[in-house]
Amino acid sequence: MKIRKKDAICDYASLAANKEINAELVGSSDRVAGIVAATILDIHLGRLLSLFFIDDKKEVDPLLSSDIQSAPLSSFSSRARAAYCLGLVSKEEFQDISTIREIRNICAHHLFECDFEFPAIKSACDSFKIFSYLVEFPAAAPSRTKFNLAVCVLDSLLEARGKMLVRRSPAAPFQKGKSA
């Protein structure tokens, strides 16, 4: 199964439902894991925003589409920030999503320094907030294990949030008041 970002908002559910993607996250190189994890969370964020916005595909799609360069919510960073500002993710989740984005950027832009023992990535994995408020994890665990667990927990949280969302209704038009 190939997931393309532009149609993944509808197709991607969770790691639990996508054995191939899960296997790639867990069994691939550190570079691939960093990139795949960020893509998974990016897709979830796009879906969350899409489910939250009013039901007007003609107006919503141009905000989220990765095919439109000027789409204000097409990037992982902008989607994460919007989800936080709209109250769809907590401050700690937003921080962890941003940490995963930073790890993705290192994996994508450093040809030789992109394993989970690279100091910047190791430090990022040690900074996950999720381990202090949601799940306990041994501090001595390998960075890749911390990363994979953080991604799996965020994947589950974002999927659950999508199921709980209530789509916004369009604003009611102003109406003339009745004369006295």
# chains A, B, ... in the order shown; residues from 1 in each chain; ligands from 1

call {"tool": "select_by_dssp", "arguments": {"residues": "segment 73-122 of chain A", "states": "alpha helix (DSSP H)", "output": "JSON list (two decimals) with C-alpha atoms, in the first residue's frame"}}
result
[["chain", "number", "residue", "atom", "x", "y", "z"],
["A", 76, "PHE", "CA", 3.86, 19.99, 8.97],
["A", 77, "SER", "CA", 4.89, 23.03, 11.00],
["A", 78, "SER", "CA", 1.85, 25.14, 10.12],
["A", 79, "ARG", "CA", -0.54, 22.23, 10.70],
["A", 80, "ALA", "CA", 0.95, 21.52, 14.12],
["A", 81, "ARG", "CA", 0.77, 25.19, 15.12],
["A", 82, "ALA", "CA", -2.81, 25.53, 13.87],
["A", 83, "ALA", "CA", -3.89, 22.35, 15.67],
["A", 84, "TYR", "CA", -2.42, 23.71, 18.90],
["A", 85, "CYS", "CA", -3.92, 27.19, 18.48],
["A", 91, "LYS", "CA", 0.86, 22.30, 24.52],
["A", 92, "GLU", "CA", 2.95, 19.21, 25.40],
["A", 93, "GLU", "CA", 1.73, 17.31, 22.34],
["A", 94, "PHE", "CA", 2.51, 20.31, 20.17],
["A", 95, "GLN", "CA", 6.02, 20.44, 21.65],
["A", 96, "ASP", "CA", 6.56, 16.72, 21.00],
["A", 97, "ILE", "CA", 5.22, 17.01, 17.46],
["A", 98, "SER", "CA", 7.64, 19.92, 16.94],
["A", 99, "THR", "CA", 10.47, 17.77, 18.29],
["A", 100, "ILE", "CA", 9.61, 15.03, 15.79],
["A", 101, "ARG", "CA", 9.58, 17.67, 13.04],
["A", 102, "GLU", "CA", 13.07, 18.77, 14.11],
["A", 103, "ILE", "CA", 14.28, 15.16, 14.03],
["A", 104, "ARG", "CA", 12.72, 14.76, 10.57],
["A", 105, "ASN", "CA", 14.58, 17.83, 9.36],
["A", 106, "ILE", "CA", 17.89, 16.45, 10.63],
["A", 107, "CYS", "CA", 17.17, 13.12, 8.91],
["A", 108, "ALA", "CA", 16.24, 14.84, 5.67],
["A", 109, "HIS", "CA", 19.09, 17.35, 5.55],
["A", 119, "PRO", "CA", 23.76, 14.28, 19.76],
["A", 120, "ALA", "CA", 21.02, 16.57, 18.41],
["A", 121, "ILE", "CA", 18.63, 13.66, 17.81],
["A", 122, "LYS", "CA", 19.49, 11.94, 21.10]]

call {"tool": "residues_around", "arguments": {"residues": "segment 134-147 of chain A", "least_positions_apart": "2", "cutoff": "10 Å", "atoms": "only C-alpha atoms", "output": "PDB file with all heavy atoms, in the first residue's frame"}}
result
ATOM      1  N   VAL A  26       9.389   0.821  12.469  1.00  0.00           N
ATOM      2  CA  VAL A  26      10.147   0.063  13.457  1.00  0.00           C
ATOM      3  C   VAL A  26      11.385  -0.606  12.861  1.00  0.00           C
ATOM      4  O   VAL A  26      12.433  -0.653  13.495  1.00  0.00           O
ATOM      5  CB  VAL A  26       9.229  -0.994  14.128  1.00  0.00           C
ATOM      6  CG1 VAL A  26      10.014  -1.894  15.054  1.00  0.00           C
ATOM      7  CG2 VAL A  26       8.101  -0.302  14.871  1.00  0.00           C
ATOM      8  N   ASP A  30      17.351   4.580  10.655  1.00  0.00           N
ATOM      9  CA  ASP A  30      16.993   5.735  11.480  1.00  0.00           C
ATOM     10  C   ASP A  30      16.489   6.886  10.613  1.00  0.00           C
ATOM     11  O   ASP A  30      15.529   7.563  10.964  1.00  0.00           O
ATOM     12  CB  ASP A  30      18.187   6.190  12.323  1.00  0.00           C
ATOM     13  CG  ASP A  30      18.502   5.218  13.453  1.00  0.00           C
ATOM     14  OD1 ASP A  30      17.722   4.267  13.679  1.00  0.00           O
ATOM     15  OD2 ASP A  30      19.544   5.410  14.113  1.00  0.00           O
ATOM     16  N   ALA A  33      12.953   6.119   9.481  1.00  0.00           N
ATOM     17  CA  ALA A  33      12.036   6.206  10.623  1.00  0.00           C
ATOM     18  C   ALA A  33      11.718   7.662  10.952  1.00  0.00           C
ATOM     19  O   ALA A  33      10.555   8.002  11.208  1.00  0.00           O
ATOM     20  CB  ALA A  33      12.632   5.507  11.840  1.00  0.00           C
ATOM     21  N   GLY A  34      12.721   8.524  10.947  1.00  0.00           N
ATOM     22  CA  GLY A  34      12.500   9.938  11.250  1.00  0.00           C
ATOM     23  C   GLY A  34      11.584  10.607  10.248  1.00  0.00           C
ATOM     24  O   GLY A  34      10.714  11.405  10.615  1.00  0.00           O
ATOM     25  N   ALA A  37       7.870   8.823  10.413  1.00  0.00           N
ATOM     26  CA  ALA A  37       7.138   9.235  11.622  1.00  0.00           C
ATOM     27  C   ALA A  37       6.544  10.627  11.450  1.00  0.00           C
ATOM     28  O   ALA A  37       5.373  10.858  11.790  1.00  0.00           O
ATOM     29  CB  ALA A  37       8.073   9.206  12.825  1.00  0.00           C
ATOM     30  N   ASP A  96       6.026  18.009  21.459  1.00  0.00           N
ATOM     31  CA  ASP A  96       6.563  16.725  20.999  1.00  0.00           C
ATOM     32  C   ASP A  96       6.451  16.570  19.490  1.00  0.00           C
ATOM     33  O   ASP A  96       7.358  16.052  18.841  1.00  0.00           O
ATOM     34  CB  ASP A  96       5.869  15.559  21.713  1.00  0.00           C
ATOM     35  CG  ASP A  96       6.368  15.376  23.143  1.00  0.00           C
ATOM     36  OD1 ASP A  96       7.341  16.058  23.541  1.00  0.00           O
ATOM     37  OD2 ASP A  96       5.785  14.537  23.854  1.00  0.00           O
ATOM     38  N   THR A  99       9.215  18.500  18.125  1.00  0.00           N
ATOM     39  CA  THR A  99      10.471  17.765  18.289  1.00  0.00           C
ATOM     40  C   THR A  99      10.627  16.720  17.190  1.00  0.00           C
ATOM     41  O   THR A  99      11.708  16.575  16.613  1.00  0.00           O
ATOM     42  CB  THR A  99      10.525  17.104  19.687  1.00  0.00           C
ATOM     43  OG1 THR A  99      10.491  18.142  20.677  1.00  0.00           O
ATOM     44  CG2 THR A  99      11.767  16.261  19.861  1.00  0.00           C
ATOM     45  N   ILE A 100       9.558  16.022  16.877  1.00  0.00           N
ATOM     46  CA  ILE A 100       9.608  15.033  15.793  1.00  0.00           C
ATOM     47  C   ILE A 100       9.871  15.717  14.457  1.00  0.00           C
ATOM     48  O   ILE A 100      10.612  15.209  13.623  1.00  0.00           O
ATOM     49  CB  ILE A 100       8.323  14.177  15.785  1.00  0.00           C
ATOM     50  CG1 ILE A 100       8.340  13.271  17.025  1.00  0.00           C
ATOM     51  CG2 ILE A 100       8.192  13.364  14.495  1.00  0.00           C
ATOM     52  CD1 ILE A 100       7.045  12.577  17.333  1.00  0.00           C
ATOM     53  N   ILE A 103      13.554  16.394  14.324  1.00  0.00           N
ATOM     54  CA  ILE A 103      14.277  15.156  14.025  1.00  0.00           C
ATOM     55  C   ILE A 103      14.136  14.820  12.542  1.00  0.00           C
ATOM     56  O   ILE A 103      15.112  14.450  11.879  1.00  0.00           O
ATOM     57  CB  ILE A 103      13.774  14.001  14.921  1.00  0.00           C
ATOM     58  CG1 ILE A 103      14.172  14.272  16.376  1.00  0.00           C
ATOM     59  CG2 ILE A 103      14.319  12.651  14.431  1.00  0.00           C
ATOM     60  CD1 ILE A 103      13.516  13.347  17.389  1.00  0.00           C
ATOM     61  N   ASP A 115      21.569   9.348  12.692  1.00  0.00           N
ATOM     62  CA  ASP A 115      21.112   8.195  13.458  1.00  0.00           C
ATOM     63  C   ASP A 115      20.680   8.683  14.834  1.00  0.00           C
ATOM     64  O   ASP A 115      20.922   9.819  15.211  1.00  0.00           O
ATOM     65  CB  ASP A 115      22.189   7.098  13.542  1.00  0.00           C
ATOM     66  CG  ASP A 115      23.428   7.532  14.292  1.00  0.00           C
ATOM     67  OD1 ASP A 115      23.296   7.978  15.457  1.00  0.00           O
ATOM     68  OD2 ASP A 115      24.529   7.409  13.736  1.00  0.00           O
ATOM     69  N   PHE A 116      20.014   7.834  15.568  1.00  0.00           N
ATOM     70  CA  PHE A 116      19.430   8.264  16.832  1.00  0.00           C
ATOM     71  C   PHE A 116      20.441   8.449  17.949  1.00  0.00           C
ATOM     72  O   PHE A 116      20.089   8.884  19.037  1.00  0.00           O
ATOM     73  CB  PHE A 116      18.295   7.316  17.243  1.00  0.00           C
ATOM     74  CG  PHE A 116      17.026   7.615  16.493  1.00  0.00           C
ATOM     75  CD1 PHE A 116      16.800   7.079  15.247  1.00  0.00           C
ATOM     76  CD2 PHE A 116      16.082   8.470  17.026  1.00  0.00           C
ATOM     77  CE1 PHE A 116      15.652   7.373  14.536  1.00  0.00           C
ATOM     78  CE2 PHE A 116      14.932   8.779  16.331  1.00  0.00           C
ATOM     79  CZ  PHE A 116      14.711   8.229  15.079  1.00  0.00           C
ATOM     80  N   GLU A 117      21.695   8.176  17.678  1.00  0.00           N
ATOM     81  CA  GLU A 117      22.746   8.466  18.655  1.00  0.00           C
ATOM     82  C   GLU A 117      23.460   9.776  18.338  1.00  0.00           C
ATOM     83  O   GLU A 117      24.297  10.230  19.110  1.00  0.00           O
ATOM     84  CB  GLU A 117      23.736   7.301  18.733  1.00  0.00           C
ATOM     85  CG  GLU A 117      23.103   6.017  19.274  1.00  0.00           C
ATOM     86  CD  GLU A 117      22.306   6.222  20.573  1.00  0.00           C
ATOM     87  OE1 GLU A 117      22.824   6.849  21.516  1.00  0.00           O
ATOM     88  OE2 GLU A 117      21.151   5.753  20.628  1.00  0.00           O
ATOM     89  N   PHE A 118      23.123  10.403  17.207  1.00  0.00           N
ATOM     90  CA  PHE A 118      23.645  11.733  16.877  1.00  0.00           C
ATOM     91  C   PHE A 118      23.191  12.674  17.995  1.00  0.00           C
ATOM     92  O   PHE A 118      22.017  12.650  18.396  1.00  0.00           O
ATOM     93  CB  PHE A 118      23.107  12.172  15.510  1.00  0.00           C
ATOM     94  CG  PHE A 118      23.543  13.533  15.072  1.00  0.00           C
ATOM     95  CD1 PHE A 118      24.884  13.820  14.870  1.00  0.00           C
ATOM     96  CD2 PHE A 118      22.605  14.531  14.842  1.00  0.00           C
ATOM     97  CE1 PHE A 118      25.282  15.080  14.456  1.00  0.00           C
ATOM     98  CE2 PHE A 118      23.000  15.796  14.433  1.00  0.00           C
ATOM     99  CZ  PHE A 118      24.342  16.064  14.241  1.00  0.00           C
ATOM    100  N   ILE A 121      19.803  14.545  17.823  1.00  0.00           N
ATOM    101  CA  ILE A 121      18.633  13.661  17.806  1.00  0.00           C
ATOM    102  C   ILE A 121      18.455  13.007  19.176  1.00  0.00           C
ATOM    103  O   ILE A 121      17.343  12.928  19.700  1.00  0.00           O
ATOM    104  CB  ILE A 121      18.743  12.604  16.684  1.00  0.00           C
ATOM    105  CG1 ILE A 121      18.702  13.289  15.312  1.00  0.00           C
ATOM    106  CG2 ILE A 121      17.631  11.571  16.798  1.00  0.00           C
ATOM    107  CD1 ILE A 121      18.896  12.369  14.127  1.00  0.00           C
ATOM    108  N   LYS A 122      19.553  12.560  19.761  1.00  0.00           N
ATOM    109  CA  LYS A 122      19.490  11.940  21.101  1.00  0.00           C
ATOM    110  C   LYS A 122      18.921  12.931  22.113  1.00  0.00           C
ATOM    111  O   LYS A 122      18.043  12.589  22.910  1.00  0.00           O
ATOM    112  CB  LYS A 122      20.886  11.478  21.512  1.00  0.00           C
ATOM    113  CG  LYS A 122      20.925  10.672  22.795  1.00  0.00           C
ATOM    114  CD  LYS A 122      22.306  10.087  22.996  1.00  0.00           C
ATOM    115  CE  LYS A 122      22.485   9.318  24.252  1.00  0.00           C
ATOM    116  NZ  LYS A 122      21.394   8.538  24.737  1.00  0.00           N
ATOM    117  N   SER A 123      19.384  14.154  22.070  1.00  0.00           N
ATOM    118  CA  SER A 123      18.894  15.194  22.975  1.00  0.00           C
ATOM    119  C   SER A 123      17.402  15.456  22.743  1.00  0.00           C
ATOM    120  O   SER A 123      16.641  15.620  23.697  1.00  0.00           O
ATOM    121  CB  SER A 123      19.702  16.469  22.769  1.00  0.00           C
ATOM    122  OG  SER A 123      19.172  17.512  23.529  1.00  0.00           O
ATOM    123  N   ALA A 124      17.009  15.493  21.481  1.00  0.00           N
ATOM    124  CA  ALA A 124      15.597  15.711  21.157  1.00  0.00           C
ATOM    125  C   ALA A 124      14.741  14.581  21.726  1.00  0.00           C
ATOM    126  O   ALA A 124      13.678  14.826  22.314  1.00  0.00           O
ATOM    127  CB  ALA A 124      15.412  15.823  19.644  1.00  0.00           C
ATOM    128  N   CYS A 125      15.193  13.350  21.578  1.00  0.00           N
ATOM    129  CA  CYS A 125      14.444  12.196  22.097  1.00  0.00           C
ATOM    130  C   CYS A 125      14.356  12.223  23.622  1.00  0.00           C
ATOM    131  O   CYS A 125      13.365  11.777  24.199  1.00  0.00           O
ATOM    132  CB  CYS A 125      15.071  10.887  21.624  1.00  0.00           C
ATOM    133  SG  CYS A 125      14.837  10.591  19.849  1.00  0.00           S
ATOM    134  N   ASP A 126      15.376  12.759  24.262  1.00  0.00           N
ATOM    135  CA  ASP A 126      15.365  12.876  25.725  1.00  0.00           C
ATOM    136  C   ASP A 126      14.413  13.973  26.198  1.00  0.00           C
ATOM    137  O   ASP A 126      14.061  14.034  27.370  1.00  0.00           O
ATOM    138  CB  ASP A 126      16.767  13.153  26.261  1.00  0.00           C
ATOM    139  CG  ASP A 126      17.689  11.944  26.152  1.00  0.00           C
ATOM    140  OD1 ASP A 126      17.178  10.799  26.048  1.00  0.00           O
ATOM    141  OD2 ASP A 126      18.918  12.141  26.154  1.00  0.00           O
ATOM    142  N   SER A 127      13.998  14.859  25.287  1.00  0.00           N
ATOM    143  CA  SER A 127      13.160  15.997  25.676  1.00  0.00           C
ATOM    144  C   SER A 127      11.659  15.762  25.498  1.00  0.00           C
ATOM    145  O   SER A 127      10.871  16.654  25.795  1.00  0.00           O
ATOM    146  CB  SER A 127      13.573  17.239  24.873  1.00  0.00           C
ATOM    147  OG  SER A 127      13.094  17.156  23.540  1.00  0.00           O
ATOM    148  N   PHE A 128      11.272  14.584  25.033  1.00  0.00           N
ATOM    149  CA  PHE A 128       9.840  14.342  24.829  1.00  0.00           C
ATOM    150  C   PHE A 128       9.064  14.575  26.118  1.00  0.00           C
ATOM    151  O   PHE A 128       9.394  14.031  27.164  1.00  0.00           O
ATOM    152  CB  PHE A 128       9.575  12.919  24.313  1.00  0.00           C
ATOM    153  CG  PHE A 128       9.890  12.722  22.858  1.00  0.00           C
ATOM    154  CD1 PHE A 128      10.777  11.742  22.463  1.00  0.00           C
ATOM    155  CD2 PHE A 128       9.293  13.511  21.891  1.00  0.00           C
ATOM    156  CE1 PHE A 128      11.071  11.543  21.119  1.00  0.00           C
ATOM    157  CE2 PHE A 128       9.571  13.328  20.547  1.00  0.00           C
ATOM    158  CZ  PHE A 128      10.465  12.345  20.160  1.00  0.00           C
ATOM    159  N   LYS A 129       8.033  15.367  26.035  1.00  0.00           N
ATOM    160  CA  LYS A 129       7.195  15.706  27.193  1.00  0.00           C
ATOM    161  C   LYS A 129       6.253  14.560  27.552  1.00  0.00           C
ATOM    162  O   LYS A 129       5.848  14.430  28.698  1.00  0.00           O
ATOM    163  CB  LYS A 129       6.337  16.942  26.903  1.00  0.00           C
ATOM    164  CG  LYS A 129       7.112  18.138  26.400  1.00  0.00           C
ATOM    165  CD  LYS A 129       7.972  18.723  27.483  1.00  0.00           C
ATOM    166  CE  LYS A 129       8.659  19.969  26.984  1.00  0.00           C
ATOM    167  NZ  LYS A 129      10.074  19.967  27.177  1.00  0.00           N
ATOM    168  N   ILE A 130       5.898  13.771  26.579  1.00  0.00           N
ATOM    169  CA  ILE A 130       4.924  12.698  26.765  1.00  0.00           C
ATOM    170  C   ILE A 130       5.346  11.726  27.864  1.00  0.00           C
ATOM    171  O   ILE A 130       4.500  11.144  28.532  1.00  0.00           O
ATOM    172  CB  ILE A 130       4.678  11.987  25.420  1.00  0.00           C
ATOM    173  CG1 ILE A 130       3.287  11.437  25.380  1.00  0.00           C
ATOM    174  CG2 ILE A 130       5.699  10.945  25.116  1.00  0.00           C
ATOM    175  CD1 ILE A 130       2.783  11.221  23.983  1.00  0.00           C
ATOM    176  N   PHE A 131       6.665  11.599  28.078  1.00  0.00           N
ATOM    177  CA  PHE A 131       7.155  10.664  29.085  1.00  0.00           C
ATOM    178  C   PHE A 131       7.017  11.212  30.502  1.00  0.00           C
ATOM    179  O   PHE A 131       7.137  10.485  31.464  1.00  0.00           O
ATOM    180  CB  PHE A 131       8.605  10.274  28.801  1.00  0.00           C
ATOM    181  CG  PHE A 131       8.763   9.578  27.478  1.00  0.00           C
ATOM    182  CD1 PHE A 131       9.716   9.990  26.570  1.00  0.00           C
ATOM    183  CD2 PHE A 131       7.948   8.512  27.126  1.00  0.00           C
ATOM    184  CE1 PHE A 131       9.856   9.355  25.341  1.00  0.00           C
ATOM    185  CE2 PHE A 131       8.078   7.874  25.911  1.00  0.00           C
ATOM    186  CZ  PHE A 131       9.032   8.291  25.012  1.00  0.00           C
ATOM    187  N   SER A 132       6.758  12.496  30.630  1.00  0.00           N
ATOM    188  CA  SER A 132       6.598  13.055  31.971  1.00  0.00           C
ATOM    189  C   SER A 132       5.143  13.201  32.384  1.00  0.00           C
ATOM    190  O   SER A 132       4.848  13.338  33.558  1.00  0.00           O
ATOM    191  CB  SER A 132       7.306  14.410  32.069  1.00  0.00           C
ATOM    192  OG  SER A 132       6.713  15.334  31.187  1.00  0.00           O
ATOM    193  N   LEU A 149       8.162   5.039  20.545  1.00  0.00           N
ATOM    194  CA  LEU A 149       7.055   5.057  21.497  1.00  0.00           C
ATOM    195  C   LEU A 149       6.329   6.394  21.453  1.00  0.00           C
ATOM    196  O   LEU A 149       5.097   6.441  21.456  1.00  0.00           O
ATOM    197  CB  LEU A 149       7.546   4.759  22.910  1.00  0.00           C
ATOM    198  CG  LEU A 149       6.434   4.740  23.968  1.00  0.00           C
ATOM    199  CD1 LEU A 149       5.393   3.669  23.669  1.00  0.00           C
ATOM    200  CD2 LEU A 149       7.018   4.527  25.350  1.00  0.00           C
ATOM    201  N   ALA A 150       7.069   7.485  21.407  1.00  0.00           N
ATOM    202  CA  ALA A 150       6.442   8.809  21.334  1.00  0.00           C
ATOM    203  C   ALA A 150       5.572   8.921  20.085  1.00  0.00           C
ATOM    204  O   ALA A 150       4.438   9.424  20.148  1.00  0.00           O
ATOM    205  CB  ALA A 150       7.510   9.905  21.349  1.00  0.00           C
ATOM    206  N   VAL A 151       6.067   8.433  18.967  1.00  0.00           N
ATOM    207  CA  VAL A 151       5.297   8.481  17.717  1.00  0.00           C
ATOM    208  C   VAL A 151       4.031   7.638  17.844  1.00  0.00           C
ATOM    209  O   VAL A 151       2.942   8.072  17.452  1.00  0.00           O
ATOM    210  CB  VAL A 151       6.154   8.009  16.517  1.00  0.00           C
ATOM    211  CG1 VAL A 151       5.308   7.832  15.271  1.00  0.00           C
ATOM    212  CG2 VAL A 151       7.284   9.003  16.268  1.00  0.00           C
ATOM    213  N   CYS A 152       4.155   6.442  18.402  1.00  0.00           N
ATOM    214  CA  CYS A 152       2.987   5.560  18.548  1.00  0.00           C
ATOM    215  C   CYS A 152       1.932   6.173  19.458  1.00  0.00           C
ATOM    216  O   CYS A 152       0.730   6.115  19.165  1.00  0.00           O
ATOM    217  CB  CYS A 152       3.409   4.193  19.069  1.00  0.00           C
ATOM    218  SG  CYS A 152       4.315   3.228  17.843  1.00  0.00           S
ATOM    219  N   VAL A 153       2.358   6.786  20.559  1.00  0.00           N
ATOM    220  CA  VAL A 153       1.405   7.415  21.469  1.00  0.00           C
ATOM    221  C   VAL A 153       0.741   8.613  20.797  1.00  0.00           C
ATOM    222  O   VAL A 153      -0.492   8.773  20.858  1.00  0.00           O
ATOM    223  CB  VAL A 153       2.082   7.814  22.802  1.00  0.00           C
ATOM    224  CG1 VAL A 153       1.148   8.653  23.667  1.00  0.00           C
ATOM    225  CG2 VAL A 153       2.539   6.566  23.556  1.00  0.00           C
TER     226      VAL A 153
END

call {"tool": "closest_residue", "arguments": {"among": "A:Pro173, A:Asp155, A:Tyr133, A:Asp61", "to": "Thr39 of chain A", "atoms": "only C-alpha atoms"}}
result
A:Asp155

call {"tool": "atom_distance", "arguments": {"atom1": "atom CA of Leu111 of chain A", "atom2": "atom CA of Ser74 of chain A"}}
result
25.3 Å

call {"tool": "closest_residue", "arguments": {"among": "A:Ala172, A:Leu86, A:Val32, A:Arg167", "to": "Asp56 of chain A", "atoms": "only C-alpha atoms"}}
result
A:Arg167

call {"tool": "residues_around", "arguments": {"residues": "Leu63 of chain A", "least_positions_apart": "4", "cutoff": "12 Å", "atoms": "only C-alpha atoms", "output": "list in words"}}
result
Gly46, Leu49, Ser50, Phe53, Asp56, Lys57, Lys58, Glu59, Asp67, Ile68, Gln69, Ser70, Ala71, Pro72, Leu73, Ser74, Ser75, Ser78, Arg79 and Ala82 of chain A

call {"tool": "residues_around", "arguments": {"residues": "Asp55 of chain A", "least_positions_apart": "4", "cutoff": "8 Å", "atoms": "only C-alpha atoms", "output": "ChimeraX atom specification"}}
result
/A:60,167-169

call {"tool": "atom_distance", "arguments": {"atom1": "atom CA of Leu25 of chain A", "atom2": "atom CA of Leu158 of chain A"}}
result
17.2 Å

call {"tool": "residues_around", "arguments": {"residues": "Val166 of chain A", "least_positions_apart": "3", "cutoff": "10 Å", "atoms": "only C-alpha atoms", "output": "PDB file with N, CA and C atoms, in the first residue's frame"}}
result
ATOM      1  N   LEU A  51     -11.323  17.701   9.580  1.00  0.00           N
ATOM      2  CA  LEU A  51     -12.531  17.292  10.300  1.00  0.00           C
ATOM      3  C   LEU A  51     -13.093  18.408  11.173  1.00  0.00           C
ATOM      4  N   PHE A  52     -12.233  19.309  11.605  1.00  0.00           N
ATOM      5  CA  PHE A  52     -12.638  20.406  12.482  1.00  0.00           C
ATOM      6  C   PHE A  52     -13.284  21.544  11.697  1.00  0.00           C
ATOM      7  N   PHE A  53     -12.753  21.813  10.524  1.00  0.00           N
ATOM      8  CA  PHE A  53     -13.255  22.918   9.710  1.00  0.00           C
ATOM      9  C   PHE A  53     -14.680  22.640   9.219  1.00  0.00           C
ATOM     10  N   ILE A  54     -15.327  23.672   8.736  1.00  0.00           N
ATOM     11  CA  ILE A  54     -16.671  23.509   8.183  1.00  0.00           C
ATOM     12  C   ILE A  54     -16.628  22.559   6.992  1.00  0.00           C
ATOM     13  N   ARG A 161      -8.494  11.814  18.842  1.00  0.00           N
ATOM     14  CA  ARG A 161      -9.028  13.181  18.763  1.00  0.00           C
ATOM     15  C   ARG A 161      -9.882  13.350  17.504  1.00  0.00           C
ATOM     16  N   GLY A 162      -9.437  12.758  16.414  1.00  0.00           N
ATOM     17  CA  GLY A 162     -10.209  12.845  15.173  1.00  0.00           C
ATOM     18  C   GLY A 162     -11.582  12.218  15.312  1.00  0.00           C
ATOM     19  N   LYS A 163     -11.664  11.146  16.079  1.00  0.00           N
ATOM     20  CA  LYS A 163     -12.952  10.473  16.281  1.00  0.00           C
ATOM     21  C   LYS A 163     -13.877  11.260  17.206  1.00  0.00           C
ATOM     22  N   SER A 169     -19.897  24.326  12.328  1.00  0.00           N
ATOM     23  CA  SER A 169     -20.956  24.780  11.422  1.00  0.00           C
ATOM     24  C   SER A 169     -20.543  26.136  10.868  1.00  0.00           C
TER      25      SER A 169
END

call {"tool": "atom_distance", "arguments": {"atom1": "atom CA of Asn22 of chain A", "atom2": "atom CA of Gly87 of chain A"}}
result
27.7 Å
